Amino acid sequence: MDVTYPPEVTAFRRRIREFLAEQLPADWAGLGALAPEDREKFASRWRRSLAAAGLVAVSWPKEYGGGGLSPLEQVVLAEEFSRAGAPERAENDLLGIDLLGNTLIAVGSEEQKAHFLPRILSGEDRWCQGFSEPDAGSDLAAVRTRAALDGDEWVINGQKIWTSAGSTANWIFLLARTEFSAPKHKGLSLLLVPIGQPGILVRPIVNAAGHSSFSEVFCTDARTASANVLGGVGNGWATAMTLLGFERGSAVTTVALEFARDLQRLCDLARERGLNTDPRVRDGLAWCFSRVQIMRYRGYRGLTSALHGELPGADAAISKVIWSEYFRSYTDLAAEILGLDVLSPDGPGNGGARVVPEAGTPNSPACWMEELLYSRAATIYAGSSQIQRNVIGEKLLGLPR
């Protein structure tokens, strides 16, 4: 297997390194090292810099305002941003560009592309994801949010939960039942809905780690135009699976780099604690190393598929299971190495880890305890491990339901 890059892609890598050297502060230590007010200022300036360099929507075709980069160039860009600890995008850009934008390009109408894509690029429209509900999380097809046509508008009633970026978005793409007597996976539609209206209430959720990355969203006679259906009325399940494929495949080529960097911190921590010769700890580190290598080569496989023009599909479920279960295991090992010190955020050695709020979002330094808490959710968000194994069994192995 040849994993080297051609000369033109190597030249692009140099360009990205030069951009990062020019735009990042000399003492850059990541977003998490900044005070909250400075973080917001940096994020705003950083997005302007990315836009000026044509690096906001690098995977979009140029006719839609994107960078028109090849999959190889996209990977190189992600690799260099990851190595520098630089945010490749804001959370709203992940949802608006990588998920909704790519889905619009894949299945949207020309009218929808002409209207929404420029507004996503400019940042005028900031998107959040409305999929999960209190009784429909992993079993997404069980959503109860309903939408009925009233003239030239959809009237929406229901509740969404664990809505990523809900507190900062002004639009939401949500899955709703539009044909009430249809079978479970039929009769669903993916609607594009403005948030700033009296019929929508957004309530942030503070989690165990003290973050409010998610929100509850309540729809009471909320409205959106009848044309704001992505992928066609009643075709919401297929459209949602296309979108989730982009979500689960977006970080497949760089997740190994990020986890390898964290594993090195864990190895350093074991040496500092004099536990690098402990058989149990060494076994744990060896297990972690093997999983990082698996993620690395699965990333190459995903890149090969992209080079052949294939959209992310059921195969992305394998990567989701591997990285999410690795995330939990390696933070468990960090807690074992730290012992009781893991309970104190300011305790000896309890720093320098990172939090992964969701796959693909910018990294930020945090204590190991904070990451340990967040890792509990890794096998649930973006599709639980149980559901991913069902997908693998049914879609890839041909097993019965």
# chains A, B, ... in the order shown; residues from 1 in each chain; ligands from 1
$ closest_atom_pairs --of "range 87-160 of chain A" --to "range 183-192 of chain A" --cutoff "9 Å" --atoms "only C-alpha atoms" --output "tab-separated table"
residue	atom	partner	partner_atom	distance
A:Ala141	CA	A:His185	CA	5.5
A:Ala142	CA	A:Lys184	CA	6.6
A:Val143	CA	A:Leu188	CA	8.7
A:Ala147	CA	A:Ser189	CA	8.6
A:Trp154	CA	A:Leu191	CA	8.7
$ residues_around --residues "Gly54 in chain A" --least-positions-apart "2" --cutoff "10 Å" --atoms "only C-alpha atoms" --output "list in words"
Arg48, Ser49, Leu50, Ala51, Ala52, Val56, Ala57, Val58, Gly65, Gly66, Gly67 and Gly68 of chain A
$ write_last_selection --atoms "C-alpha atoms" --output "tab-separated table (two decimals), in the first residue's frame"
chain	number	residue	atom	x	y	z
A	48	ARG	CA	-12.42	35.70	8.59
A	49	SER	CA	-8.86	34.51	7.96
A	50	LEU	CA	-10.09	31.12	6.75
A	51	ALA	CA	-12.63	32.77	4.45
A	52	ALA	CA	-10.03	35.12	2.98
A	56	VAL	CA	-13.99	27.61	4.94
A	57	ALA	CA	-15.75	25.08	2.70
A	58	VAL	CA	-12.82	23.36	1.06
A	65	GLY	CA	-18.48	28.96	-3.42
A	66	GLY	CA	-16.27	26.19	-2.07
A	67	GLY	CA	-12.59	25.49	-2.41
A	68	GLY	CA	-13.04	22.66	-4.89
$ atom_distance --atom1 "CA of Gly299 in chain A" --atom2 "CA of Glu258 in chain A"
12.4 Å
$ closest_residue --among "A:Leu397, A:Ile337, A:Leu174, A:Leu372" --to "Gly274 in chain A" --atoms "only C-alpha atoms"
A:Ile337
$ select_by_dssp --residues "range 121-207 of chain A" --states "helix (DSSP H, G or I)" --output "NGL selection string"
:A and (121-122 or 140-142)
$ write_last_selection --atoms "N, CA and C atoms" --output "PDB file, in the first residue's frame"
ATOM      1  N   LEU A 121     -21.996  29.929   3.922  1.00  0.00           N
ATOM      2  CA  LEU A 121     -20.614  30.386   3.763  1.00  0.00           C
ATOM      3  C   LEU A 121     -20.370  31.715   4.454  1.00  0.00           C
ATOM      4  N   SER A 122     -21.315  32.635   4.343  1.00  0.00           N
ATOM      5  CA  SER A 122     -21.138  33.962   4.943  1.00  0.00           C
ATOM      6  C   SER A 122     -21.268  33.939   6.457  1.00  0.00           C
ATOM      7  N   LEU A 140     -33.631   6.383  15.965  1.00  0.00           N
ATOM      8  CA  LEU A 140     -33.999   7.673  15.385  1.00  0.00           C
ATOM      9  C   LEU A 140     -35.314   7.628  14.627  1.00  0.00           C
ATOM     10  N   ALA A 141     -35.644   6.485  14.043  1.00  0.00           N
ATOM     11  CA  ALA A 141     -36.875   6.398  13.253  1.00  0.00           C
ATOM     12  C   ALA A 141     -38.128   6.505  14.108  1.00  0.00           C
ATOM     13  N   ALA A 142     -37.963   6.481  15.429  1.00  0.00           N
ATOM     14  CA  ALA A 142     -39.117   6.576  16.324  1.00  0.00           C
ATOM     15  C   ALA A 142     -39.488   8.017  16.660  1.00  0.00           C
TER      16      ALA A 142
END
$ residues_around --residues "Leu243 in chain A" --least-positions-apart "5" --cutoff "8 Å" --atoms "only C-alpha atoms" --output "list in words"
Leu99, Leu100, Asn102 and Thr103 of chain A
$ closest_residue --among "A:Gln129, A:Ser226, A:Ser59, A:Ser138" --to "Ser385 in chain A" --atoms "only C-alpha atoms"
A:Ser138
$ residues_around --residues "Ala225 in chain A" --least-positions-apart "6" --cutoff "12 Å" --atoms "only C-alpha atoms" --output "count of residues only"
15
$ residues_around --residues "Arg17 in chain A" --least-positions-apart "3" --cutoff "9 Å" --atoms "only C-alpha atoms" --output "PyMOL selection string"
chain A and resi 12-14+20-22+77+80-81+84
$ decode --residues "range 226-238 of chain A" --atoms "N, CA, C and O atoms" --output "short mmCIF file (atom, residue, chain, number, x, y, z; two decimals), in the first residue's frame"
data_model
loop_
_atom_site.label_atom_id
_atom_site.label_comp_id
_atom_site.auth_asym_id
_atom_site.auth_seq_id
_atom_site.Cartn_x
_atom_site.Cartn_y
_atom_site.Cartn_z
N SER A 226 -43.14 25.59 2.79
CA SER A 226 -43.38 24.24 2.28
C SER A 226 -42.23 23.74 1.42
O SER A 226 -42.01 22.53 1.29
N ALA A 227 -41.45 24.67 0.83
CA ALA A 227 -40.33 24.27 -0.01
C ALA A 227 -39.10 23.86 0.79
O ALA A 227 -38.13 23.32 0.22
N ASN A 228 -39.13 24.09 2.11
CA ASN A 228 -37.95 23.81 2.93
C ASN A 228 -37.90 22.36 3.40
O ASN A 228 -37.75 22.06 4.58
N VAL A 229 -38.05 21.44 2.45
CA VAL A 229 -37.90 20.01 2.70
C VAL A 229 -36.69 19.55 1.91
O VAL A 229 -36.64 19.72 0.69
N LEU A 230 -35.71 18.98 2.60
CA LEU A 230 -34.48 18.54 1.93
C LEU A 230 -34.59 17.07 1.57
O LEU A 230 -34.84 16.22 2.43
N GLY A 231 -34.41 16.76 0.29
CA GLY A 231 -34.44 15.37 -0.15
C GLY A 231 -35.82 14.86 -0.51
O GLY A 231 -35.96 13.69 -0.90
N GLY A 232 -36.84 15.68 -0.38
CA GLY A 232 -38.19 15.27 -0.77
C GLY A 232 -39.06 14.85 0.40
O GLY A 232 -38.58 14.29 1.39
N VAL A 233 -40.36 15.14 0.30
CA VAL A 233 -41.32 14.77 1.34
C VAL A 233 -41.39 13.25 1.44
O VAL A 233 -41.49 12.54 0.43
N GLY A 234 -41.33 12.74 2.66
CA GLY A 234 -41.39 11.30 2.89
C GLY A 234 -40.09 10.57 2.69
O GLY A 234 -40.01 9.36 2.93
N ASN A 235 -39.04 11.31 2.30
CA ASN A 235 -37.74 10.68 2.06
C ASN A 235 -36.74 11.09 3.14
O ASN A 235 -35.52 11.06 2.92
N GLY A 236 -37.25 11.44 4.31
CA GLY A 236 -36.39 11.95 5.37
C GLY A 236 -35.39 10.96 5.91
O GLY A 236 -34.28 11.33 6.30
N TRP A 237 -35.76 9.67 5.94
CA TRP A 237 -34.84 8.68 6.50
C TRP A 237 -33.59 8.56 5.62
O TRP A 237 -32.46 8.60 6.13
N ALA A 238 -33.77 8.44 4.32
CA ALA A 238 -32.62 8.34 3.42
C ALA A 238 -31.77 9.61 3.47
O ALA A 238 -30.54 9.56 3.46
#
